[in-house]
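*Asks:* There's a structure below that I have some questions on.
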Amino acid sequence: MTKIVGLTGGIGSGKTTIANHFKSLGVPIYIADDEAKKIMNSEVILKKIKSNFGSVVIDDKTLNREELARIVFSNPEKLKQLNKIVHPEVKKHFLKWLEKHKQQPYVIKEAAILFESGSYKDCDLIITVVAPLEIRINRVLIRDKTSREAILERIKNQWNDEDKVSKSDFIIQNEDVNEAIKKTNEIHNLLSNL
């Protein structure tokens with residue numbers, strides 16, 4: 001039976017780098033955030049988002065992600081509302097995807113909010129990628145051309161590393177990429193032989 005391995009980490013921790021490495025090792029990777037973005041642009045979900053958040057978040061039949069982010073990251077109740085709309089659809093999509101990969105020893109479901117969304121409960125094992133806060137902030141400043149305040153606002157809406165680590169089976173410290181890749185290889189060897 002294929003094991004579902006959750007891969008998570010706070011914004012800027014480098015979980016995408018780790019996911020890409022697993023992919024290079026031949027492991028099927030489901031990037032939940034990318035799939036959620038596609039699902040959020042489907043007509044049915046756009047209608048639900050519009051009725052919950054108003055037409056201010058829709059620009060010419062497409063989602064205004066910046067405006068929606070501004071609303072939900074400053075209001076935990078609104079964030080919960082959005083998650084209730086999107087997460088069940090992502091879960092359905094993931095289960096269909098999983099069917100196509102059930103010959104694999106394991107697959108990886110990469111999600112920034114694996115714990116916050118509750119989808120960690122559907123995983124057999126969990127890998128959390130961690131890095132010091134200042135390194136994370138600097139990575140995101142470079143990557144997203146955003147402000148320090150906006151990054152801290154998003155971090156505030158995610159579980160802290162201690163809580164994630166306490167519920168994880170594997171921890172990848174991603175300060176030094178070479179060390180993180182070495183640890184990823186060790187985990188891959190373990191998971192391939194379960």
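For the structure tokens, the naming scheme is as follows: chains receive sequential letters (A, B, ...) according to their order of presentation, residues are indexed from 1 within each chain, and ligands are indexed from 1 in presentation order.
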List the spatial neighbours of Leu114 in chain A as a list in words - criterion: any atom at most 8 Å away, only C-alpha atoms, same-chain residues fewer than 6 positions off excluded.
*Replies:*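 Those residues are Gly6, Leu7, Thr8 and Tyr120 of chain A.
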*Asks:* Quick one: everything within 10 Å of range 46-61 of chain A, counting only C-alpha atoms, minus sequence neighbours fewer than 4 positions away in the same chain. Send it as a list of chain:residue names.
*Replies:*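 Contacts, in chain order: A:Ile39, A:Met40, A:Asn41, A:Ser42, A:Arg65, A:Glu66, A:Glu67, A:Leu68, A:Ala69, A:Arg70, A:Ile71, A:Val72, A:Lys78, A:Gln81, A:Leu82, A:Ile85, A:Val86.
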*Asks:* Restricting the calculation to only C-alpha atoms: of A:Asn160, A:Asn178, A:Asn193, A:Asn185, which residue gets closest to Lys23 in chain A?
*Replies:*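 For Lys23 in chain A, the nearest of the given residues is A:Asn185.
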*Asks:* Mind listing the helix (DSSP H, G or I) residues of chain A, per DSSP on the backbone, as number ranges by chain?
*Replies:* A: 15-24, 32-40, 43-53, 55-57, 65-72, 76-99, 119-122, 133-144, 148-156, 161-166, 177-192
*Asks:* Using only C-alpha atoms, which residue out of A:Glu116, A:Asp124, A:Glu110, A:Asp163 lies closest to Lys80 in chain A?
*Replies:* A:Glu116
*Asks:* Per residue of range 46-140 of chain A within 10 Å of range 24-28 of chain A, record the nearest atom pair and its distance in Å to one decimal, counting only C-alpha atoms, with rows in chain order and ascending residue number, as JSON lines.
*Replies:*
{"residue": "A:Trp97", "atom": "CA", "partner": "A:Pro28", "partner_atom": "CA", "distance": 9.8}
{"residue": "A:Leu98", "atom": "CA", "partner": "A:Pro28", "partner_atom": "CA", "distance": 9.2}
{"residue": "A:Lys100", "atom": "CA", "partner": "A:Pro28", "partner_atom": "CA", "distance": 9.9}
{"residue": "A:His101", "atom": "CA", "partner": "A:Pro28", "partner_atom": "CA", "distance": 7.3}
{"residue": "A:Gln104", "atom": "CA", "partner": "A:Val27", "partner_atom": "CA", "distance": 7.9}
{"residue": "A:Pro105", "atom": "CA", "partner": "A:Val27", "partner_atom": "CA", "distance": 8.9}
{"residue": "A:Tyr106", "atom": "CA", "partner": "A:Val27", "partner_atom": "CA", "distance": 7.3}
{"residue": "A:Val107", "atom": "CA", "partner": "A:Pro28", "partner_atom": "CA", "distance": 5.2}
{"residue": "A:Ile108", "atom": "CA", "partner": "A:Pro28", "partner_atom": "CA", "distance": 6.4}
{"residue": "A:Lys109", "atom": "CA", "partner": "A:Pro28", "partner_atom": "CA", "distance": 8.7}
*Asks:* Any chance you can output those residues with N, CA and C atoms as a short mmCIF file (atom, residue, chain, number, x, y, z; two decimals), in the first residue's frame?
*Replies:*
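Output (selection-v5.cif):
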data_model
loop_
_atom_site.label_atom_id
_atom_site.label_comp_id
_atom_site.auth_asym_id
_atom_site.auth_seq_id
_atom_site.Cartn_x
_atom_site.Cartn_y
_atom_site.Cartn_z
N TRP A 97 -5.65 11.87 -7.77
CA TRP A 97 -4.23 11.85 -8.15
C TRP A 97 -3.54 10.63 -7.55
N LEU A 98 -3.86 10.33 -6.30
CA LEU A 98 -3.24 9.21 -5.58
C LEU A 98 -3.53 7.88 -6.29
N LYS A 100 -3.61 7.25 -9.34
CA LYS A 100 -2.68 7.07 -10.46
C LYS A 100 -1.28 6.65 -10.00
N HIS A 101 -1.01 6.77 -8.71
CA HIS A 101 0.34 6.50 -8.21
C HIS A 101 0.38 5.39 -7.16
N GLN A 104 3.47 3.06 -6.31
CA GLN A 104 4.68 3.62 -5.70
C GLN A 104 4.78 3.23 -4.22
N PRO A 105 6.01 3.06 -3.69
CA PRO A 105 6.14 2.79 -2.26
C PRO A 105 5.59 3.96 -1.43
N TYR A 106 5.83 5.19 -1.92
CA TYR A 106 5.29 6.36 -1.23
C TYR A 106 5.17 7.53 -2.19
N VAL A 107 4.27 8.46 -1.84
CA VAL A 107 4.11 9.72 -2.57
C VAL A 107 4.26 10.84 -1.55
N ILE A 108 4.53 12.02 -2.05
CA ILE A 108 4.64 13.18 -1.16
C ILE A 108 3.53 14.18 -1.46
N LYS A 109 2.86 14.59 -0.40
CA LYS A 109 1.88 15.67 -0.49
C LYS A 109 2.52 16.88 0.18
#
*Asks:* Per DSSP on the backbone, what are the strand (DSSP E or B) residues of range 37-95 of chain A, as a PyMOL selection string?
*Replies:* chain A and resi 58-59+62-63
*Asks:* Would you compute the distance between CA of Val165 in chain A and CA of Gly9 in chain A? Give it in Å to one decimal.
*Replies:*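 Atom-to-atom, CA of Val165 in chain A to CA of Gly9 in chain A, that is 9.4 Å.
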*Asks:* With the cut-off set at 8 Å and counting only C-alpha atoms, tabulate each residue of range 77-130 of chain A with an atom at most that distance from an atom of range 10-18 of chain A, showing the nearest atom pair and its distance in Å to one decimal, ordered by chain and increasing number, as JSON lines.
*Replies:*
{"residue": "A:Glu110", "atom": "CA", "partner": "A:Lys15", "partner_atom": "CA", "distance": 7.8}
{"residue": "A:Ala112", "atom": "CA", "partner": "A:Gly10", "partner_atom": "CA", "distance": 6.3}
{"residue": "A:Val129", "atom": "CA", "partner": "A:Lys15", "partner_atom": "CA", "distance": 5.8}
{"residue": "A:Val130", "atom": "CA", "partner": "A:Ser13", "partner_atom": "CA", "distance": 5.4}
*Asks:* Create the file for the chosen residues now, containing C-alpha atoms and written as a short mmCIF file (atom, residue, chain, number, x, y, z; two decimals), in the first residue's frame.
*Replies:*
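Writing the result to again30.cif gives the following:
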data_model
loop_
_atom_site.label_atom_id
_atom_site.label_comp_id
_atom_site.auth_asym_id
_atom_site.auth_seq_id
_atom_site.Cartn_x
_atom_site.Cartn_y
_atom_site.Cartn_z
CA GLU A 110 3.58 19.06 -0.12
CA ALA A 112 2.38 24.87 3.46
CA VAL A 129 11.36 21.50 6.89
CA VAL A 130 12.65 24.14 9.30
#
*Asks:* For Ser119 in chain A, which residue among A:Lys91, A:Lys145, A:Lys156, A:Arg139 is the nearest when counting only C-alpha atoms?
*Replies:*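 Using only C-alpha atoms, the shortest distance to Ser119 in chain A belongs to A:Lys91.
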*Asks:* Do you have the CA of Ala180 in chain A-CA of Arg154 in chain A distance handy?
*Replies:*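 So the answer is 23.9 Å.
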*Asks:* My list of candidates is A:Thr2, A:Thr128, A:Ser117, A:Thr146. Which is closest to Pro88 in chain A when distances are computed with only C-alpha atoms?
*Replies:* A:Ser117
